[in-house]
$ cat start.txt   # compact mmCIF, C-alpha atoms and all ligand atoms
# COMPACT_ATOMS: atom_id res chain seq x y z
CA MET R 489 9.27 -22.26 -33.88
CA ALA R 490 11.23 -24.60 -31.64
CA SER R 491 12.03 -22.98 -28.32
CA SER R 492 12.22 -23.92 -24.72
CA GLY R 493 13.50 -22.64 -21.36
CA ALA R 494 16.67 -20.54 -21.69
CA GLU R 495 16.34 -20.70 -25.52
CA CYS R 496 12.97 -18.96 -25.46
CA PRO R 497 12.97 -16.26 -28.18
CA SER R 498 11.23 -12.91 -27.75
CA ILE R 499 11.11 -9.63 -29.60
CA HIS R 500 11.32 -6.42 -27.60
CA ALA R 501 10.39 -3.01 -28.95
CA ARG R 502 12.09 0.16 -27.76
CA LEU R 503 11.37 3.78 -28.55
CA VAL R 504 14.20 5.79 -30.11
CA GLY R 505 14.28 9.60 -30.07
CA LYS R 506 12.28 12.13 -28.09
CA ARG R 507 8.62 13.04 -28.46
CA VAL R 508 5.80 10.57 -28.93
CA PRO R 509 2.29 11.19 -30.27
CA PRO R 510 -0.31 11.85 -27.53
CA ALA R 511 -1.98 8.47 -28.15
CA LEU R 512 1.23 6.77 -27.09
CA GLU R 513 2.00 8.81 -23.99
CA SER R 514 0.50 6.26 -21.63
CA LEU R 515 2.63 3.52 -23.24
CA GLU R 516 5.79 5.59 -23.36
CA ASP R 517 7.31 4.29 -20.14
CA ALA R 518 6.89 0.70 -21.27
CA LEU R 519 8.27 1.53 -24.73
CA ARG R 520 11.29 3.31 -23.33
CA ALA R 521 12.10 0.45 -21.02
CA GLY R 522 11.83 -2.00 -23.92
CA VAL R 523 8.78 -4.18 -23.92
CA ASP R 524 7.73 -7.44 -25.46
CA GLU R 525 5.88 -6.71 -28.75
CA THR R 526 2.90 -8.90 -27.86
CA ARG R 527 2.60 -7.29 -24.42
CA LEU R 528 2.80 -3.83 -25.99
CA ALA R 529 0.01 -4.63 -28.43
CA SER R 530 -2.23 -5.93 -25.65
CA MET R 531 -1.43 -2.87 -23.49
CA ALA R 532 -2.48 -0.69 -26.41
CA ARG R 533 -5.70 -2.67 -26.90
CA GLU R 534 -6.56 -2.30 -23.22
CA LEU R 535 -6.48 1.51 -23.38
CA PRO R 536 -9.89 3.00 -22.55
CA GLY R 537 -12.27 4.38 -25.18
CA GLY R 538 -10.99 4.41 -28.79
CA ASP R 539 -7.38 5.02 -27.72
CA GLY R 540 -6.31 1.42 -28.27
CA ALA R 541 -6.80 1.53 -32.03
CA LEU R 542 -5.24 4.97 -32.14
CA ALA R 543 -2.22 3.78 -30.17
CA LEU R 544 -1.70 0.82 -32.50
CA ALA R 545 -1.89 3.11 -35.55
CA ALA R 546 0.52 5.53 -33.88
CA MET R 547 2.93 2.69 -33.12
CA LEU R 548 2.88 1.57 -36.76
CA GLU R 549 3.56 5.15 -37.80
CA LEU R 550 6.49 5.38 -35.36
CA LYS R 551 7.79 2.06 -36.65
CA SER R 552 7.67 3.24 -40.26
CA ARG R 553 9.65 6.32 -39.23
CA GLY R 554 12.37 4.22 -37.67
CA ARG R 555 11.45 5.34 -34.14
CA ILE R 556 10.86 1.85 -32.83
CA GLU R 557 13.81 -0.45 -32.52
CA GLU R 558 13.08 -4.15 -32.24
CA SER R 559 15.47 -6.59 -30.61
CA LEU R 560 15.56 -10.33 -30.87
CA TRP R 561 16.37 -11.96 -27.54
CA ILE R 562 16.93 -15.65 -27.07
CA GLY R 563 16.95 -16.37 -23.36
CA ASP R 564 18.84 -13.47 -21.83
CA VAL R 565 21.04 -12.68 -24.86
CA GLU R 566 20.19 -9.92 -27.34
CA HIS R 567 21.23 -11.27 -30.75
CA ALA R 568 19.98 -8.74 -33.29
CA ARG R 569 18.32 -5.37 -33.48
CA ARG R 570 16.35 -3.89 -36.39
CA ARG R 571 14.87 -0.55 -37.31
CA VAL R 572 12.77 0.54 -40.30
CA THR R 573 14.62 2.92 -42.65
CA SER R 574 11.81 4.14 -44.88
CA PRO R 575 8.20 5.28 -44.55
CA ALA R 576 7.60 3.06 -47.62
CA PHE R 577 8.09 0.04 -45.37
CA ARG R 578 5.49 -2.73 -45.50
CA PRO R 579 5.63 -5.69 -43.12
CA THR R 580 7.12 -8.77 -44.81
CA PRO R 581 5.32 -11.78 -43.32
CA PHE R 582 7.46 -14.80 -42.44
CA ARG R 583 6.10 -17.98 -44.00
CA ALA R 584 6.59 -20.90 -41.65
CA GLY R 585 7.58 -24.12 -43.38
CA VAL R 586 9.34 -22.33 -46.25
CA ALA R 587 13.09 -22.51 -46.92
CA TYR R 588 14.90 -19.17 -46.86
CA GLU R 589 18.31 -18.10 -48.16
CA LEU R 590 20.33 -14.90 -47.97
CA SER R 591 19.15 -12.32 -50.51
CA ARG R 592 21.87 -11.84 -53.13
CA PHE R 593 21.52 -8.09 -52.62
CA ALA R 594 22.03 -8.18 -48.83
CA TYR R 595 25.40 -7.37 -47.29
CA VAL R 596 27.03 -6.95 -43.90
CA ARG R 597 29.48 -4.17 -43.07
CA ARG R 598 31.13 -2.88 -39.92
CA GLU R 599 29.97 0.40 -38.36
CA GLY R 600 31.92 1.22 -35.21
CA ALA R 601 31.91 -1.95 -33.13
CA GLU R 602 28.74 -3.35 -34.71
CA LEU R 603 27.92 -5.41 -37.77
CA VAL R 604 25.24 -3.75 -39.83
CA MET R 605 23.18 -5.64 -42.36
CA GLU R 606 21.42 -3.86 -45.21
CA SER R 607 19.88 -4.60 -48.58
CA PRO R 608 18.49 -2.45 -51.41
CA GLU R 609 15.42 -4.71 -51.24
CA SER R 610 14.85 -4.13 -47.53
CA HIS R 611 13.42 -1.18 -45.67
CA TRP R 612 15.23 -2.21 -42.52
CA ASN R 613 18.62 -1.72 -40.97
CA VAL R 614 19.63 -4.78 -38.93
CA ARG R 615 22.44 -4.95 -36.39
CA LEU R 616 23.95 -8.36 -35.69
CA LEU R 617 25.04 -8.43 -32.07
CA SER R 618 26.29 -11.97 -31.53
CA SER R 619 28.30 -14.55 -33.41
CA ARG R 620 25.23 -16.76 -33.34
CA ALA R 621 23.32 -14.10 -35.31
CA THR R 622 25.90 -14.29 -38.11
CA THR R 623 25.11 -17.99 -38.56
CA TRP R 624 21.58 -17.00 -39.65
CA LEU R 625 22.94 -15.29 -42.77
CA GLY R 626 23.12 -18.58 -44.59
CA GLY R 627 19.35 -18.94 -44.20
CA VAL R 628 17.67 -21.90 -42.70
CA ASP R 629 15.33 -24.53 -43.92
CA ALA R 630 12.50 -23.36 -41.72
CA ALA R 631 10.54 -26.44 -42.73
CA ALA R 632 12.92 -28.42 -40.54
CA GLU R 633 11.73 -26.48 -37.48
CA SER R 634 15.32 -25.51 -36.71
CA VAL R 635 16.12 -24.00 -33.32
CA GLU R 636 17.53 -21.11 -35.34
CA ALA R 637 14.12 -20.38 -36.90
CA PRO R 638 13.55 -17.28 -34.69
CA GLY R 639 16.69 -15.73 -36.19
CA THR R 640 15.65 -16.69 -39.71
CA CYS R 641 12.23 -15.22 -39.05
CA PHE R 642 13.74 -11.97 -37.69
CA LEU R 643 15.92 -11.52 -40.80
CA ALA R 644 13.26 -12.69 -43.26
CA GLU R 645 10.71 -10.23 -41.86
CA ALA R 646 13.35 -7.53 -42.39
CA GLY R 647 13.71 -8.54 -46.05
CA MET R 648 17.29 -9.81 -45.72
CA LEU R 649 16.40 -13.36 -46.68
CA THR R 650 14.41 -14.51 -49.67
CA GLU R 651 12.42 -17.63 -50.21
CA SER R 652 14.73 -20.18 -51.83
CA ASP R 653 12.44 -20.81 -54.80
CA ALA R 654 11.71 -17.12 -55.43
CA GLY R 655 13.50 -17.38 -58.81
CA SER R 656 10.28 -17.74 -60.72
CA ALA R 657 8.62 -14.83 -58.95
CA GLU R 658 7.21 -11.92 -60.90
CA GLY R 659 9.83 -9.29 -61.60
CA GLU R 660 12.73 -11.74 -61.38
CA THR R 661 13.84 -10.97 -64.95
CA ALA R 662 14.19 -7.30 -64.07
CA ARG R 663 15.96 -8.19 -60.80
CA SER R 664 18.39 -10.54 -62.48
CA ALA R 665 19.61 -7.71 -64.73
CA TRP R 666 21.01 -6.01 -61.63
CA GLU R 667 24.39 -7.02 -60.32
CA PHE R 668 25.01 -6.66 -56.60
CA HIS R 669 27.31 -3.63 -56.88
CA ASP R 670 25.12 -1.76 -59.39
CA ARG R 671 22.01 -2.20 -57.27
CA LEU R 672 23.83 -1.09 -54.10
CA PHE R 673 25.25 2.01 -55.78
CA HIS R 674 21.90 2.87 -57.37
CA TRP R 675 20.10 2.45 -54.04
CA ARG R 676 22.52 4.31 -51.81
CA SER R 677 23.09 7.25 -54.13
CA ARG R 678 19.39 8.07 -54.47
CA ARG R 679 16.89 9.28 -51.90
CA ASP R 680 14.83 7.20 -49.47
CA GLY R 681 14.64 3.58 -48.53
CA HIS R 682 17.95 3.58 -46.64
CA SER R 683 19.44 5.12 -43.53
CA GLY R 684 22.19 7.07 -45.32
CA THR R 685 22.41 10.85 -45.48
CA LEU R 686 22.37 12.43 -48.93
CA GLY R 687 23.21 15.91 -50.13
CA GLY R 688 25.28 18.96 -49.37
CA THR R 689 26.13 18.38 -45.71
CA TYR R 690 29.68 19.80 -45.81
CA ARG R 691 30.76 17.04 -43.46
CA PHE R 692 34.47 17.71 -43.98
CA ALA R 693 34.18 21.50 -43.82
CA GLU R 694 35.37 21.69 -40.22
CA ALA R 695 38.65 20.16 -41.30
CA GLY R 696 39.29 23.15 -43.58
CA ASP R 697 38.95 24.02 -47.25
CA PRO R 698 38.14 21.40 -49.88
CA ALA R 699 40.85 18.75 -50.17
CA PRO R 700 43.95 20.31 -51.67
CA LEU R 701 44.96 18.97 -55.05
CA PRO R 702 47.43 16.09 -54.75
CA GLU R 703 51.11 16.66 -55.27
CA ARG R 704 51.69 16.55 -59.03
CA ARG R 705 54.63 14.68 -60.49
CA GLU R 706 54.88 16.96 -63.47
CA GLN R 707 58.07 18.31 -64.90
CA GLY R 708 59.31 20.34 -67.80
CA GLU R 709 57.88 23.22 -69.75
CA ALA R 710 54.16 23.49 -70.08
CA VAL R 711 52.93 22.91 -73.65
CA PRO R 712 50.84 25.92 -74.74
CA LEU R 713 47.61 25.14 -76.58
CA ALA R 714 45.59 26.84 -79.31
CA ARG R 715 42.76 28.89 -77.88
CA LEU R 716 40.07 29.40 -80.47
CA SER R 717 38.90 27.31 -83.35
CA GLY R 718 39.34 30.32 -85.61
CA ARG R 719 36.22 29.21 -87.47
CA PRO R 720 32.82 30.77 -87.48
CA GLY R 721 30.84 29.05 -84.71
CA ALA R 722 29.33 25.81 -85.93
CA ASP R 723 25.59 25.46 -85.57
CA LEU R 724 25.00 23.60 -82.30
CA PHE R 725 22.02 21.58 -83.48
CA ALA R 726 23.76 20.59 -86.71
CA VAL R 727 26.79 19.44 -84.68
CA MET R 728 24.57 17.44 -82.32
CA ASP R 729 22.96 15.73 -85.30
CA ALA R 730 26.31 15.05 -86.96
CA ARG R 731 28.04 13.52 -83.91
CA ARG R 732 29.04 9.88 -84.42
CA SER R 733 31.36 7.47 -82.63
CA VAL R 734 34.25 7.17 -85.09
CA ARG R 735 37.15 4.69 -84.78
CA PRO R 736 39.63 5.37 -87.61
CA GLU R 737 42.91 3.46 -88.09
CA ASN R 738 46.26 5.28 -87.93
CA GLU R 739 44.80 8.77 -87.87
CA THR R 740 46.81 11.69 -86.50
CA VAL R 741 45.34 14.63 -84.58
CA SER R 742 47.19 17.95 -84.58
CA LEU R 743 48.13 19.72 -81.36
CA SER R 744 46.15 22.77 -82.47
CA ARG R 745 42.97 20.66 -82.91
CA LEU R 746 43.52 19.12 -79.46
CA GLY R 747 43.95 22.60 -77.99
CA GLU R 748 40.78 23.86 -79.63
CA ILE R 749 38.76 20.89 -78.42
CA LEU R 750 39.98 21.28 -74.84
CA TYR R 751 39.44 25.04 -74.99
CA HIS R 752 35.79 24.69 -75.95
CA ALA R 753 34.99 21.53 -74.01
CA ALA R 754 37.00 21.51 -70.80
CA ARG R 755 38.53 24.83 -69.84
CA GLU R 756 38.03 26.83 -66.69
CA THR R 757 36.14 30.06 -67.30
CA GLU R 758 36.13 31.53 -63.78
CA THR R 759 37.63 30.84 -60.35
CA ALA R 760 36.05 32.10 -57.12
CA VAL R 761 38.05 34.78 -55.34
CA ASP R 762 38.81 32.40 -52.47
CA GLY R 763 39.95 29.75 -54.97
CA THR R 764 37.54 27.06 -53.76
CA THR R 765 35.00 26.86 -56.58
CA ARG R 766 35.57 26.91 -60.32
CA ARG R 767 33.33 27.50 -63.29
CA MET R 768 34.07 25.33 -66.29
CA THR R 769 32.64 25.02 -69.81
CA TYR R 770 30.53 22.17 -68.36
CA PRO R 771 28.52 22.12 -65.12
CA THR R 772 30.13 20.69 -61.98
CA PRO R 773 28.53 19.88 -58.60
CA GLY R 774 28.81 22.93 -56.36
CA GLY R 775 31.63 24.24 -58.54
CA LEU R 776 33.86 21.65 -56.84
CA GLY R 777 33.72 18.74 -59.26
CA ALA R 778 35.91 19.89 -62.15
CA LEU R 779 37.47 16.86 -63.77
CA ASP R 780 41.11 16.64 -64.75
CA VAL R 781 41.66 15.60 -68.36
CA TYR R 782 44.71 13.37 -68.84
CA VAL R 783 45.90 12.98 -72.42
CA ALA R 784 47.78 9.82 -73.40
CA ALA R 785 49.17 10.94 -76.76
CA GLU R 786 50.20 8.43 -79.44
CA ARG R 787 50.03 10.31 -82.76
CA CYS R 788 49.71 14.05 -82.18
CA ASP R 789 51.53 16.42 -84.57
CA GLY R 790 53.58 18.79 -82.45
CA LEU R 791 53.45 16.73 -79.24
CA THR R 792 55.95 14.13 -77.98
CA PRO R 793 54.10 10.86 -77.28
CA GLY R 794 53.43 10.37 -73.57
CA MET R 795 51.06 11.29 -70.74
CA TYR R 796 49.94 14.89 -70.12
CA ARG R 797 47.51 16.61 -67.78
CA TYR R 798 45.41 19.43 -69.15
CA ASP R 799 45.72 22.49 -66.91
CA ALA R 800 42.23 23.90 -67.46
CA SER R 801 42.95 27.31 -65.96
CA ALA R 802 46.22 28.06 -67.81
CA HIS R 803 45.04 26.13 -70.92
CA VAL R 804 48.33 24.27 -71.26
CA LEU R 805 49.41 20.63 -71.14
CA GLN R 806 51.72 19.50 -68.35
CA ARG R 807 53.86 16.43 -69.00
CA VAL R 808 53.23 13.72 -66.41
CA HIS R 809 56.20 11.52 -65.67
CA GLY R 810 54.80 8.12 -64.84
CA ASP R 811 55.65 4.70 -66.16
CA SER R 812 55.49 4.91 -69.99
CA GLU R 813 54.87 1.16 -70.26
CA TYR R 814 51.47 1.77 -68.69
CA VAL R 815 50.69 4.71 -70.98
CA ASP R 816 51.17 2.19 -73.82
CA ALA R 817 48.96 -0.32 -71.99
CA LEU R 818 46.15 2.26 -71.71
CA LEU R 819 46.37 3.08 -75.43
CA ASP R 820 46.52 -0.62 -76.39
CA ALA R 821 43.40 -1.37 -74.35
CA ALA R 822 41.60 1.63 -75.88
CA GLY R 823 42.32 0.36 -79.42
CA ARG R 824 41.18 -3.15 -78.52
CA GLY R 825 38.09 -1.91 -76.69
CA GLN R 826 37.02 -0.11 -79.84
CA GLY R 827 37.72 -3.08 -82.11
CA ARG R 828 40.61 -1.44 -83.92
CA GLU R 829 43.85 -2.81 -85.37
CA THR R 830 45.80 0.25 -84.19
CA ARG R 831 45.88 2.50 -81.17
CA PRO R 832 43.84 5.71 -81.25
CA ALA R 833 45.75 8.96 -81.86
CA MET R 834 45.09 9.83 -78.24
CA LEU R 835 43.15 8.69 -75.21
CA LEU R 836 41.58 11.26 -72.90
CA THR R 837 40.98 10.01 -69.35
CA LEU R 838 38.74 12.06 -67.04
CA ALA R 839 39.90 11.81 -63.44
CA ILE R 840 39.20 13.55 -60.14
CA PRO R 841 40.28 13.74 -56.51
CA LEU R 842 36.91 12.50 -55.16
CA ALA R 843 37.67 14.15 -51.80
CA ARG R 844 36.90 17.56 -53.31
CA VAL R 845 33.31 16.60 -54.13
CA ALA R 846 32.91 14.60 -50.89
CA TRP R 847 33.97 17.71 -48.95
CA LYS R 848 30.49 19.08 -49.61
CA TYR R 849 28.35 16.16 -50.79
CA GLU R 850 27.56 13.13 -48.67
CA GLY R 851 26.25 9.85 -50.07
CA ILE R 852 26.28 11.01 -53.69
CA ALA R 853 29.86 12.16 -54.35
CA TYR R 854 30.76 9.36 -56.77
CA SER R 855 27.39 9.44 -58.46
CA LEU R 856 27.79 13.20 -59.05
CA VAL R 857 31.26 12.65 -60.49
CA LEU R 858 29.93 10.14 -63.04
CA LYS R 859 27.17 12.52 -64.10
CA THR R 860 29.70 15.32 -64.47
CA ALA R 861 31.87 13.03 -66.58
CA GLY R 862 28.85 12.49 -68.86
CA CYS R 863 28.55 16.26 -69.35
CA LEU R 864 32.24 16.61 -70.17
CA LEU R 865 32.30 13.56 -72.48
CA GLN R 866 29.49 15.05 -74.53
CA ASN R 867 31.25 18.44 -74.64
CA ILE R 868 34.39 16.77 -75.98
CA ALA R 869 32.46 14.72 -78.54
CA LEU R 870 30.58 17.79 -79.80
CA ALA R 871 33.69 19.97 -79.98
CA ALA R 872 35.51 17.16 -81.82
CA THR R 873 32.60 16.82 -84.27
CA ALA R 874 32.58 20.56 -84.90
CA LEU R 875 36.32 20.41 -85.65
CA ASP R 876 36.18 17.27 -87.83
CA VAL R 877 38.08 15.12 -85.35
CA ALA R 878 37.01 11.50 -84.77
CA SER R 879 35.94 10.72 -81.21
CA CYS R 880 34.61 7.62 -79.48
CA ASN R 881 33.79 6.81 -75.85
CA LEU R 882 35.29 3.83 -74.13
CA GLY R 883 33.22 1.59 -71.85
CA THR R 884 35.84 1.19 -69.17
CA GLY R 885 39.43 1.90 -68.21
CA ASN R 886 42.12 0.35 -66.06
CA ASN R 887 42.67 1.92 -62.62
CA ILE R 888 45.99 0.20 -62.00
CA HIS R 889 47.45 1.14 -65.38
CA PHE R 890 46.29 4.73 -64.95
CA ALA R 891 47.78 4.93 -61.45
CA ARG R 892 51.12 3.64 -62.76
CA ALA R 893 51.04 5.87 -65.84
CA THR R 894 50.50 8.97 -63.65
CA ARG R 895 52.03 7.81 -60.32
CA LEU R 896 48.79 8.86 -58.60
CA PRO R 897 47.01 6.25 -56.44
CA ASP R 898 43.56 5.66 -57.92
CA HIS R 899 41.76 6.44 -54.65
CA VAL R 900 43.49 9.85 -54.59
CA VAL R 901 42.93 10.80 -58.23
CA SER R 902 40.31 8.44 -59.60
CA PRO R 903 39.94 7.85 -63.35
CA VAL R 904 36.22 7.64 -64.13
CA ALA R 905 35.67 7.95 -67.89
CA GLU R 906 37.55 7.70 -71.19
CA ILE R 907 37.16 9.04 -74.72
CA THR R 908 39.50 8.73 -77.70
CA LEU R 909 40.35 11.30 -80.35
CA GLY R 910 41.49 10.19 -83.79
C1 LIG R 1001 29.25 5.23 -72.07
C2 LIG R 1001 29.64 4.75 -73.44
C3 LIG R 1001 30.63 3.78 -73.57
C4 LIG R 1001 31.02 3.35 -74.81
N1 LIG R 1001 32.02 2.42 -74.92
C5 LIG R 1001 32.47 2.05 -76.12
C6 LIG R 1001 33.55 1.13 -76.25
O1 LIG R 1001 34.10 0.66 -75.25
N2 LIG R 1001 33.97 0.80 -77.48
C7 LIG R 1001 33.37 1.30 -78.61
O2 LIG R 1001 33.79 0.95 -79.70
N3 LIG R 1001 32.33 2.16 -78.53
C8 LIG R 1001 31.88 2.55 -77.31
N4 LIG R 1001 30.84 3.46 -77.20
C9 LIG R 1001 30.25 4.02 -78.41
C10 LIG R 1001 28.91 3.38 -78.69
O3 LIG R 1001 29.07 2.05 -79.07
C11 LIG R 1001 28.22 4.22 -79.74
O4 LIG R 1001 27.92 5.44 -79.15
C12 LIG R 1001 26.94 3.60 -80.29
O5 LIG R 1001 27.27 2.52 -81.08
C13 LIG R 1001 26.09 4.56 -81.05
O6 LIG R 1001 26.80 5.11 -82.14
P1 LIG R 1001 27.00 6.67 -82.33
O7 LIG R 1001 27.74 7.17 -81.13
O8 LIG R 1001 27.79 6.84 -83.61
O9 LIG R 1001 25.65 7.32 -82.41
C14 LIG R 1001 30.42 3.89 -75.96
C15 LIG R 1001 29.40 4.85 -75.84
C16 LIG R 1001 29.03 5.28 -74.58
C17 LIG R 1001 27.97 6.34 -74.45
$ encode --input "start.txt" --output "structure tokens"
Amino acid sequence: MASSGAECPSIHARLVGKRVPPALESLEDALRAGVDETRLASMARELPGGDGALALAAMLELKSRGRIEESLWIGDVEHARRRVTSPAFRPTPFRAGVAYELSRFAYVRREGAELVMESPESHWNVRLLSSRATTWLGGVDAAAESVEAPGTCFLAEAGMLTESDAGSAEGETARSAWEFHDRLFHWRSRRDGHSGTLGGTYRFAEAGDPAPLPERREQGEAVPLARLSGRPGADLFAVMDARRSVRPENETVSLSRLGEILYHAARETETAVDGTTRRMTYPTPGGLGALDVYVAAERCDGLTPGMYRYDASAHVLQRVHGDSEYVDALLDAAGRGQGRETRPAMLLTLAIPLARVAWKYEGIAYSLVLKTAGCLLQNIALAATALDVASCNLGTGNNIHFARATRLPDHVVSPVAEITLG
């Protein structure tokens, strides 16, 4: 490492939180004041009897629990701070003379006034405290003995940088399958290895009841729907075996079949007395994650083509007055996405005000919504199979077209999954 005089780099460790293990009590004052790592280690070694080894082990334990914050100082400026985020942490040694580059999974975001750096491949949370620290993100050819090598080392040890020729490393094939956004979502919506909070924390509860439903732009008479299939119940296992993705051309679906499918697959069966939670024919997180089903109808006997929202408690369709050009665009894309010449008879889009789920669940709200959509998609496919109606999932939808077709901003009511009928 090149360093001299005012540019001299040092790493200081500081204790975060309250109690310390007994073995560390004699070092606590130094730790609280922030002490040079090397000095701390030698202080621990100098403890009488066997306490030195114990203190070092205790310090490693504290570090793995995120209780020790390490700062990189160059001269008298603190440039970056890091803290371990998972007990699974293992030290990543810095290899002098090796070129490093930013990991393609690492990212920087703002938290309050600070820049926080994280990566699904790192068990550290790094705070960048100076503009100089941000110049280390590009990595450095450490072989060149750059004056910025201390910064590179600090980030590389925290797993934010990877060796430039790591492409051939074991496991790279599995890593390359992951795109940045998928890996981030997968990491942050599951437990451990990051500093995020997960679960039912009710963090918006103080602000009142779960987010009220957005103002609906729906007009006209509600369209009543058929309630029961009127058939003897189909055998569940036979229906599961018979389900197929079917993409017919020019087929029409009757309004009564649509009603029966929605009745069995998507209706509300119970509302809590206080109106906050709902029971549906599919499970929802905390009873808060019921999805809205929007029906873009093209060929439905008994129904004027257009966009409708299924009211799952009244079991009726409500006409949604958005921009019809975009209802067409959604249907066009659905036909194309399923390799058809014609549009499907109807496209069902599952959408939700995410704020309702986030009212209770922190860190996993969107992940829960996608899982719930999977439950409802399968319900719809099975009900359609039982009623001899063709159904097929769609890999993706268009947020902008949906927002224009419903006049609901996609961050307020977010479309998350699509399935066609007919
Ligand atoms: C999440 C998901 C997305 C899908 N997206 C599409 C799609 O965009 N277009 C399409 O034609 N089929 C789509 N499918 C249907 C699959 O291609 C189909 O399920 C698969 O070929 C197996 O056939 P089967 O459903 O008849 O068993 C999707 C299925 C799933 C589960």
$ residues_around --input "start.txt" --residues "Ser552 in chain R" --least-positions-apart "6" --cutoff "9 Å" --atoms "only C-alpha atoms" --output "list in words"
Arg571, Val572, Thr573, Ser574, Pro575, Ala576, Phe577 and Arg578 of chain R
$ atom_distance --input "start.txt" --atom1 "CA of Trp675 in chain R" --atom2 "CA of Arg553 in chain R"
18.5 Å
$ residues_near_ligand --input "start.txt" --ligand "ligand LIG 1001 (chain R)" --cutoff "12 Å" --atoms "all atoms listed in the file" --output "ChimeraX atom specification"
/R:728-736,821-828,832,858-859,861-866,869-870,873,878-885,904-908
$ axis_aligned_box --input "start.txt" --around "range 787-798 of chain R" --padding-each-side "8 Å" --output "JSON"
{"center_x": 50.7, "center_y": 14.9, "center_z": -76.2, "size_x": 26.5, "size_y": 25.1, "size_z": 32.8}
$ atom_distance --input "start.txt" --atom1 "CA of Arg678 in chain R" --atom2 "CA of Ile852 in chain R"
7.5 Å
$ residues_around --input "start.txt" --residues "Ser610 in chain R" --least-positions-apart "6" --cutoff "10 Å" --atoms "all atoms listed in the file" --output "list in words"
Val572, Thr573, Ser574, Phe577, Arg578, Thr580, Ser591, Phe593, Ala594, Ala644, Glu645, Ala646, Gly647, Met648, Leu649, Gly681 and His682 of chain R
